[in-house]
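**Q** Next up is a structure, given as structure tokens.
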Amino acid sequence: LFLAVCAVGIGGTFQYGYNVSIINAPTQHIHRFLNETWASRYHKELNPDLLTFLWSVIASIFSLGGLCGALVGGSAAVRLGRKGALLMNNGIAILASILMGISFPTGLFELLIAGRFLIGINSGIGLCVQPLYIGEVAPKHLRGGLAMGTSIFLTGGILTGQVIGLRELLGGEKYWPLLLSSSCFPAFAQLLFLPWFPESPRYLLIDRGDELNCAKALKRFHGSSEYRREMEDIQRECFALDGEKPKKPWQLFTDRGVRWQLLTVIVMTMGQQLSGINAIYFYATYIFEQAGIPAEKIPYVTLGTGACECLTALTCGLLIDHVGRRCLIIGGYLLMTLWSIVLTFSLTYQDLYSWVPYVSIASIFAFILSFGLGPGGITNTLTAELFVQSARPAAYMIGGTISWISFFTIGMIFPFIVNGLKQYCFLVFLLECSSVAAFIFLVIPETKNKSFLDITKEFHKLNFGRNT
């Protein structure tokens, strides 16, 4: 099971974290490449406004690709299987790496845009299919811890990208095309290791009706003596679904039986993206400068933020099956609310006392730790647990779509929020975090050690009223 999580993670959410991270290091080098290419092609200087526009397209088209990937990820997981969809997805990553790698020697910045779009598609599919596979292969008493593999590999990808993007490694001017094309290595690793692992047993039995291969897969994952309990659980779910085909995303919106589950996924996904975590990273450089850290040393301090996220993902993975989902995610949002208050005060009085910038630095790391311990890790886990087999791929498509739209929206409007409200922007995030915490407290039951059918029954009261 552990090796299967590693095999799906290296080419799944790792790619998302890695490709979000690596684009920051070569910003100046890509600006220079755009200027030189434009001058040699059109024999005139590139307008600064057009340069900003082209750079914005290169950076943000990744989100558009991710949205497209989320829209097709669920369908690919149904048609090709969870494992098949992940293996196919590596072809997109390799093509994207080739396009980004040859953009500089060929002088075609359009290939850079196309490559970023394709790697976005790869990340969107990975974010959709990887947690689907892990959620379906894990036994219920380990489901939370194994599902945290999604978050662990995502944060591991961010940290790896930050390290490899240092100017001593591939962040220098000569090597930035290699940096952007290095996404092919996780793809090759998954193509090498994932074929050795079975397809999702739930997919084999419920979607394909293949009981023999389902039993073989369960024996591989759970051992020949322990697999029967999981087999019975899958058979019960199969019987309850009574041959129901996988649903389309739009069918979930009209299905009263999943109304509150769907609302929960939408609220949690939007809450995760709009929680202020992007504001923290935006403010980090400014706060480090205010604390007197030299500009050339800031990338190394920023590594600490990536390490923080990685550490909390691992901690959350160890705690989730003992403490439970509700406690961690509500606690995470409440702590983020607290640190938003502290940050607002510390940024307001930044120049008053020499020690205040250090309070801001501590608050940044505390905010990141709180995010990783709750919303960052548990949102994807709960999406897998709230739905039965027929609705789960469609739920991930909807959750992924909401996530990428929120990611793109916050990227577009965030600079205006910061310019308008300055440090008081954290009051907006404070309200958002406390509201999501209240919603989760009132709506979501604890899902620890419960089968997917048991969780569906818990929501039955909300969806159809207390007396049904």
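By convention in this document, the chains of the structure tokens carry letters A, B, ... by their order, each chain's residues are numbered from 1, and ligands are numbered from 1 in the order they are shown.
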Tell me, as an MDAnalysis selection string, which residues lie within 10 Å of A:Leu108, counting only C-alpha atoms; anything in the same chain fewer than 6 positions away does not count.
**A** chainID A and resid 33:34 37:38 41 99:100 102
**Q** Got time to write the residues from that selection, C-alpha atoms, as a tab-separated table (two decimals), in the first residue's frame?
**A**
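Wrote it out as part_6.tsv, contents follow:
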```
chain	number	residue	atom	x	y	z
A	33	PHE	CA	14.36	35.54	-23.41
A	34	LEU	CA	11.06	37.23	-24.39
A	37	THR	CA	13.23	36.78	-29.13
A	38	TRP	CA	10.90	39.69	-29.89
A	41	ARG	CA	11.93	38.42	-34.76
A	99	LEU	CA	8.03	21.79	-25.70
A	100	MET	CA	9.33	23.88	-22.77
A	102	ILE	CA	13.15	23.37	-26.91
```
**Q** When distances are computed from only C-alpha atoms, which of A:Ser275, A:Ile121, A:Leu335, A:Cys214 shows the smallest separation from A:Asn90?
**A**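 Comparing A:Ser275, A:Ile121, A:Leu335, A:Cys214 against A:Asn90, the winner is A:Ile121.
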**Q** Between A:Gly400, A:Gly306, A:Pro445, A:Gly171, single out the one closest to A:Leu64, counting only C-alpha atoms.
**A**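 For A:Leu64, the nearest of the candidates is A:Gly400.
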**Q** Excluding A:Leu338 and residues on its chain fewer than 6 positions from it, collect all residues at most 12 Å away from it, counting only C-alpha atoms, and give them as number ranges by chain.
**A** A: 331-332, 344-345, 363-364, 366-367, 370-371, 426-427, 429-431, 433-434
**Q** In Å, how far is it from atom CA of A:Arg116 to atom CA of A:Ala187?
**A**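 Here the two named atoms are 15.2 Å from each other.
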**Q** Residues near stretch 461-465 of chain A, anyone? I mean within 9 Å using only C-alpha atoms, not counting same-chain ones fewer than 4 positions away, as a ChimeraX atom specification.
**A** /A:256-261,443,457
**Q** Please produce a file of the residues just selected, as a CSV table (one decimal), in the first residue's frame, where the atoms kept are C-alpha atoms.
**A**
```
chain,number,residue,atom,x,y,z
A,256,ARG,CA,-31.0,15.1,-3.8
A,257,GLY,CA,-29.1,12.2,-2.2
A,258,VAL,CA,-25.8,14.0,-2.5
A,259,ARG,CA,-26.9,17.6,-2.1
A,260,TRP,CA,-25.1,18.3,1.2
A,261,GLN,CA,-22.0,16.2,0.3
A,443,VAL,CA,-22.6,20.0,8.7
A,457,LYS,CA,-26.3,7.1,5.6
```
**Q** Would you mind listing what lies within 9 Å of A:Gly66 as a list in words, with only C-alpha atoms counted and same-chain residues fewer than 6 positions away left out?
**A**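 Skipping anything fewer than 6 positions along the chain leaves Tyr16, Phe117, Leu118, Ile119, Gly120, Ile121, Asn122, Ser123, Gly124, Ile125, Leu127, Gly400, Thr401 and Trp404 of chain A.
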**Q** Save the residues we just selected, N, CA, C and O atoms, as a PDB file, in the first residue's frame?
**A**
```pdb
ATOM      1  N   TYR A  16       2.038  18.725  -9.699  1.00  0.00           N
ATOM      2  CA  TYR A  16       1.348  19.994  -9.455  1.00  0.00           C
ATOM      3  C   TYR A  16       2.216  20.909  -8.588  1.00  0.00           C
ATOM      4  O   TYR A  16       2.487  22.056  -8.950  1.00  0.00           O
ATOM      5  N   PHE A 117       0.643  25.085 -20.602  1.00  0.00           N
ATOM      6  CA  PHE A 117      -0.763  24.686 -20.683  1.00  0.00           C
ATOM      7  C   PHE A 117      -0.895  23.165 -20.526  1.00  0.00           C
ATOM      8  O   PHE A 117      -1.734  22.675 -19.768  1.00  0.00           O
ATOM      9  N   LEU A 118      -0.016  22.426 -21.230  1.00  0.00           N
ATOM     10  CA  LEU A 118      -0.076  20.957 -21.166  1.00  0.00           C
ATOM     11  C   LEU A 118       0.291  20.431 -19.780  1.00  0.00           C
ATOM     12  O   LEU A 118      -0.338  19.491 -19.283  1.00  0.00           O
ATOM     13  N   ILE A 119       1.291  21.043 -19.133  1.00  0.00           N
ATOM     14  CA  ILE A 119       1.667  20.567 -17.795  1.00  0.00           C
ATOM     15  C   ILE A 119       0.560  20.920 -16.800  1.00  0.00           C
ATOM     16  O   ILE A 119       0.376  20.235 -15.786  1.00  0.00           O
ATOM     17  N   GLY A 120      -0.207  21.974 -17.101  1.00  0.00           N
ATOM     18  CA  GLY A 120      -1.397  22.283 -16.305  1.00  0.00           C
ATOM     19  C   GLY A 120      -2.450  21.196 -16.438  1.00  0.00           C
ATOM     20  O   GLY A 120      -3.059  20.782 -15.445  1.00  0.00           O
ATOM     21  N   ILE A 121      -2.665  20.725 -17.677  1.00  0.00           N
ATOM     22  CA  ILE A 121      -3.612  19.621 -17.895  1.00  0.00           C
ATOM     23  C   ILE A 121      -3.167  18.397 -17.103  1.00  0.00           C
ATOM     24  O   ILE A 121      -3.966  17.733 -16.435  1.00  0.00           O
ATOM     25  N   ASN A 122      -1.867  18.091 -17.183  1.00  0.00           N
ATOM     26  CA  ASN A 122      -1.309  16.963 -16.439  1.00  0.00           C
ATOM     27  C   ASN A 122      -1.576  17.101 -14.940  1.00  0.00           C
ATOM     28  O   ASN A 122      -2.010  16.146 -14.282  1.00  0.00           O
ATOM     29  N   SER A 123      -1.365  18.290 -14.397  1.00  0.00           N
ATOM     30  CA  SER A 123      -1.574  18.530 -12.961  1.00  0.00           C
ATOM     31  C   SER A 123      -3.052  18.413 -12.600  1.00  0.00           C
ATOM     32  O   SER A 123      -3.401  17.879 -11.542  1.00  0.00           O
ATOM     33  N   GLY A 124      -3.930  18.919 -13.460  1.00  0.00           N
ATOM     34  CA  GLY A 124      -5.374  18.838 -13.212  1.00  0.00           C
ATOM     35  C   GLY A 124      -5.873  17.402 -13.163  1.00  0.00           C
ATOM     36  O   GLY A 124      -6.662  17.038 -12.289  1.00  0.00           O
ATOM     37  N   ILE A 125      -5.389  16.575 -14.094  1.00  0.00           N
ATOM     38  CA  ILE A 125      -5.774  15.150 -14.110  1.00  0.00           C
ATOM     39  C   ILE A 125      -5.200  14.447 -12.881  1.00  0.00           C
ATOM     40  O   ILE A 125      -5.888  13.669 -12.218  1.00  0.00           O
ATOM     41  N   LEU A 127      -4.384  15.710  -9.918  1.00  0.00           N
ATOM     42  CA  LEU A 127      -5.087  16.131  -8.703  1.00  0.00           C
ATOM     43  C   LEU A 127      -6.454  15.470  -8.571  1.00  0.00           C
ATOM     44  O   LEU A 127      -6.967  15.317  -7.471  1.00  0.00           O
ATOM     45  N   GLY A 400     -12.323  19.643  -8.417  1.00  0.00           N
ATOM     46  CA  GLY A 400     -11.148  20.114  -9.148  1.00  0.00           C
ATOM     47  C   GLY A 400     -11.435  21.379  -9.938  1.00  0.00           C
ATOM     48  O   GLY A 400     -10.628  22.310  -9.964  1.00  0.00           O
ATOM     49  N   THR A 401     -12.604  21.410 -10.592  1.00  0.00           N
ATOM     50  CA  THR A 401     -12.995  22.597 -11.368  1.00  0.00           C
ATOM     51  C   THR A 401     -13.113  23.821 -10.468  1.00  0.00           C
ATOM     52  O   THR A 401     -12.593  24.898 -10.778  1.00  0.00           O
ATOM     53  N   TRP A 404      -9.554  24.970  -9.339  1.00  0.00           N
ATOM     54  CA  TRP A 404      -8.766  25.681 -10.350  1.00  0.00           C
ATOM     55  C   TRP A 404      -9.365  27.053 -10.654  1.00  0.00           C
ATOM     56  O   TRP A 404      -8.621  28.021 -10.865  1.00  0.00           O
TER      57      TRP A 404
END
```
**Q** Mind the document's chain letters and residue numbers, and return as a ChimeraX atom specification the residues of stretch 334-377 of chain A that DSSP labels helix (DSSP H, G or I).
**A** /A:334-348,356-373,375-377
**Q** Quick one: everything within 9 Å of A:Ile30, counting only C-alpha atoms, minus sequence neighbours fewer than 3 positions away in the same chain. Send it as a list in words.
**A**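 Counting only the stated atoms, we get Pro26, Thr27, Phe33, Leu34, Asn35, Trp55, Glu173 and Trp176 of chain A.
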**Q** Kindly export the residues of the current selection with N, CA, C and O atoms, as a CSV table (one decimal), in the first residue's frame.
**A**
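Everything below was put into result.csv:
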```csv
chain,number,residue,atom,x,y,z
A,26,PRO,N,13.0,31.2,-12.6
A,26,PRO,CA,13.6,31.8,-13.8
A,26,PRO,C,12.8,33.0,-14.3
A,26,PRO,O,12.9,33.3,-15.5
A,27,THR,N,12.1,33.7,-13.5
A,27,THR,CA,11.2,34.9,-14.0
A,27,THR,C,12.1,35.9,-14.8
A,27,THR,O,11.7,36.2,-15.9
A,33,PHE,N,14.6,36.4,-22.2
A,33,PHE,CA,14.4,35.5,-23.4
A,33,PHE,C,13.2,36.1,-24.3
A,33,PHE,O,13.4,36.2,-25.5
A,34,LEU,N,12.2,36.6,-23.6
A,34,LEU,CA,11.1,37.2,-24.4
A,34,LEU,C,11.5,38.5,-25.1
A,34,LEU,O,11.2,38.7,-26.3
A,35,ASN,N,12.3,39.3,-24.4
A,35,ASN,CA,12.8,40.6,-25.0
A,35,ASN,C,13.7,40.3,-26.2
A,35,ASN,O,13.6,40.9,-27.3
A,55,TRP,N,4.3,37.5,-19.9
A,55,TRP,CA,4.7,36.8,-18.7
A,55,TRP,C,3.5,36.3,-17.9
A,55,TRP,O,3.4,35.1,-17.4
A,173,GLU,N,20.9,31.3,-15.2
A,173,GLU,CA,20.5,31.8,-16.5
A,173,GLU,C,20.7,30.7,-17.6
A,173,GLU,O,19.9,30.6,-18.5
A,176,TRP,N,17.7,27.4,-17.1
A,176,TRP,CA,16.3,27.5,-16.9
A,176,TRP,C,15.5,26.7,-17.8
A,176,TRP,O,14.4,26.1,-17.4
```
**Q** Just the residues within 7 Å of stretch 143-155 of chain A, please, counting only C-alpha atoms, with nothing from its chain fewer than 3 positions along; format it as number ranges by chain.
**A** A: 5, 9-10, 13-14, 16-17, 131, 134-135, 138-140, 158-159, 306, 309-310, 313-314, 317-318, 320-321, 376-377, 381
**Q** Just N, CA, C and O atoms for this one: save the residues we selected as a CSV table (one decimal), in the first residue's frame.
**A**
```csv
chain,number,residue,atom,x,y,z
A,5,VAL,N,1.1,4.1,-3.0
A,5,VAL,CA,0.9,5.6,-2.7
A,5,VAL,C,2.1,6.4,-3.3
A,5,VAL,O,1.9,7.4,-3.9
A,9,GLY,N,1.9,8.9,-6.4
A,9,GLY,CA,2.2,10.3,-6.0
A,9,GLY,C,3.2,11.0,-6.8
A,9,GLY,O,3.1,12.2,-7.1
A,10,ILE,N,4.3,10.2,-7.2
A,10,ILE,CA,5.4,10.8,-7.9
A,10,ILE,C,5.0,11.4,-9.2
A,10,ILE,O,5.5,12.5,-9.7
A,13,THR,N,0.2,14.4,-7.7
A,13,THR,CA,0.2,15.7,-7.1
A,13,THR,C,1.6,16.3,-7.0
A,13,THR,O,1.8,17.5,-6.8
A,14,PHE,N,2.7,15.4,-7.0
A,14,PHE,CA,4.0,15.9,-7.0
A,14,PHE,C,4.2,16.9,-8.2
A,14,PHE,O,4.9,17.9,-8.0
A,16,TYR,N,2.0,18.7,-9.7
A,16,TYR,CA,1.3,20.0,-9.5
A,16,TYR,C,2.2,20.9,-8.6
A,16,TYR,O,2.5,22.1,-8.9
A,17,GLY,N,2.7,20.4,-7.4
A,17,GLY,CA,3.5,21.2,-6.5
A,17,GLY,C,4.8,21.7,-7.2
A,17,GLY,O,5.2,22.8,-7.0
A,131,PRO,N,-6.0,11.1,-5.7
A,131,PRO,CA,-6.7,10.8,-4.5
A,131,PRO,C,-7.9,9.8,-4.7
A,131,PRO,O,-8.2,9.1,-3.7
A,134,ILE,N,-6.1,6.4,-4.4
A,134,ILE,CA,-5.6,6.1,-3.0
A,134,ILE,C,-6.8,5.9,-2.1
A,134,ILE,O,-6.8,4.9,-1.3
A,135,GLY,N,-7.9,6.7,-2.3
A,135,GLY,CA,-9.1,6.5,-1.4
A,135,GLY,C,-9.7,5.2,-1.6
A,135,GLY,O,-10.3,4.6,-0.7
A,138,ALA,N,-7.3,2.0,-0.1
A,138,ALA,CA,-6.9,2.0,1.3
A,138,ALA,C,-8.0,1.3,2.1
A,138,ALA,O,-9.2,1.6,1.9
A,139,PRO,N,-7.7,0.5,3.1
A,139,PRO,CA,-8.7,0.0,4.1
A,139,PRO,C,-9.1,1.2,4.9
A,139,PRO,O,-8.4,2.2,5.1
A,140,LYS,N,-10.4,1.1,5.5
A,140,LYS,CA,-10.9,2.3,6.1
A,140,LYS,C,-10.2,2.7,7.4
A,140,LYS,O,-10.1,3.9,7.7
A,158,ILE,N,6.5,21.1,-4.1
A,158,ILE,CA,6.8,22.5,-3.9
A,158,ILE,C,8.2,22.7,-3.4
A,158,ILE,O,9.0,23.5,-3.9
A,159,LEU,N,8.5,21.9,-2.3
A,159,LEU,CA,9.9,22.0,-1.7
A,159,LEU,C,11.0,21.6,-2.7
A,159,LEU,O,12.0,22.3,-2.8
A,306,GLY,N,8.4,26.1,2.5
A,306,GLY,CA,8.1,24.8,1.8
A,306,GLY,C,8.3,23.6,2.7
A,306,GLY,O,7.5,22.7,2.7
A,309,GLU,N,5.3,23.3,5.2
A,309,GLU,CA,4.2,22.6,4.6
A,309,GLU,C,4.4,21.1,4.5
A,309,GLU,O,3.5,20.3,4.7
A,310,CYS,N,5.6,20.7,4.1
A,310,CYS,CA,5.9,19.3,4.0
A,310,CYS,C,5.8,18.6,5.4
A,310,CYS,O,5.3,17.5,5.5
A,313,ALA,N,2.2,18.2,6.5
A,313,ALA,CA,1.5,17.2,5.7
A,313,ALA,C,1.8,15.8,6.3
A,313,ALA,O,1.0,15.0,6.5
A,314,LEU,N,3.1,15.6,6.7
A,314,LEU,CA,3.5,14.3,7.3
A,314,LEU,C,2.9,14.2,8.7
A,314,LEU,O,2.4,13.1,9.0
A,317,GLY,N,-0.7,13.3,8.3
A,317,GLY,CA,-0.8,11.9,7.9
A,317,GLY,C,-0.8,11.0,9.1
A,317,GLY,O,-1.4,9.9,9.2
A,318,LEU,N,0.1,11.3,10.1
A,318,LEU,CA,0.3,10.5,11.3
A,318,LEU,C,-0.9,10.6,12.3
A,318,LEU,O,-1.3,9.7,13.0
A,320,ILE,N,-4.2,11.9,11.4
A,320,ILE,CA,-5.6,11.9,10.9
A,320,ILE,C,-6.4,10.7,11.3
A,320,ILE,O,-7.6,10.8,11.6
A,321,ASP,N,-5.9,9.5,11.4
A,321,ASP,CA,-6.6,8.3,11.7
A,321,ASP,C,-6.8,8.1,13.2
A,321,ASP,O,-7.5,7.2,13.7
A,376,GLY,N,-5.1,22.1,4.2
A,376,GLY,CA,-4.2,21.7,3.1
A,376,GLY,C,-4.3,20.2,2.9
A,376,GLY,O,-4.1,19.7,1.7
A,377,GLY,N,-4.4,19.4,3.9
A,377,GLY,CA,-4.3,18.0,3.8
A,377,GLY,C,-5.6,17.2,3.7
A,377,GLY,O,-5.8,16.2,3.0
A,381,THR,N,-9.0,14.4,1.2
A,381,THR,CA,-9.3,13.1,1.8
A,381,THR,C,-10.8,13.0,2.0
A,381,THR,O,-11.5,12.0,1.7
```
**Q** For A:Lys83, which residue out of A:Leu191, A:Ala59, A:Leu170, A:Leu67 is the nearest one, using only C-alpha atoms?
**A**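 Result for the nearest residue to A:Lys83: A:Leu191.
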**Q** Given the choices A:Ile361, A:Ala438, A:Pro177, A:Met270, which gets closest to A:Leu334 if the distance is worked out from only C-alpha atoms?
**A**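 The shortest atom-to-atom distance to A:Leu334 comes from A:Ala438.
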**Q** Measuring atom to atom with only C-alpha atoms, identify which of A:Gly73, A:Pro299, A:Gly12, A:Gly292 is nearest to A:Cys128.
**A** A:Gly73
**Q** Select, from A:Leu347, A:Leu274, A:Ala395, A:Leu204, the residue with the minimum atom-to-atom distance to A:Ile413, counting only C-alpha atoms.
**A**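 Selected residue with least distance to A:Ile413: A:Leu274.
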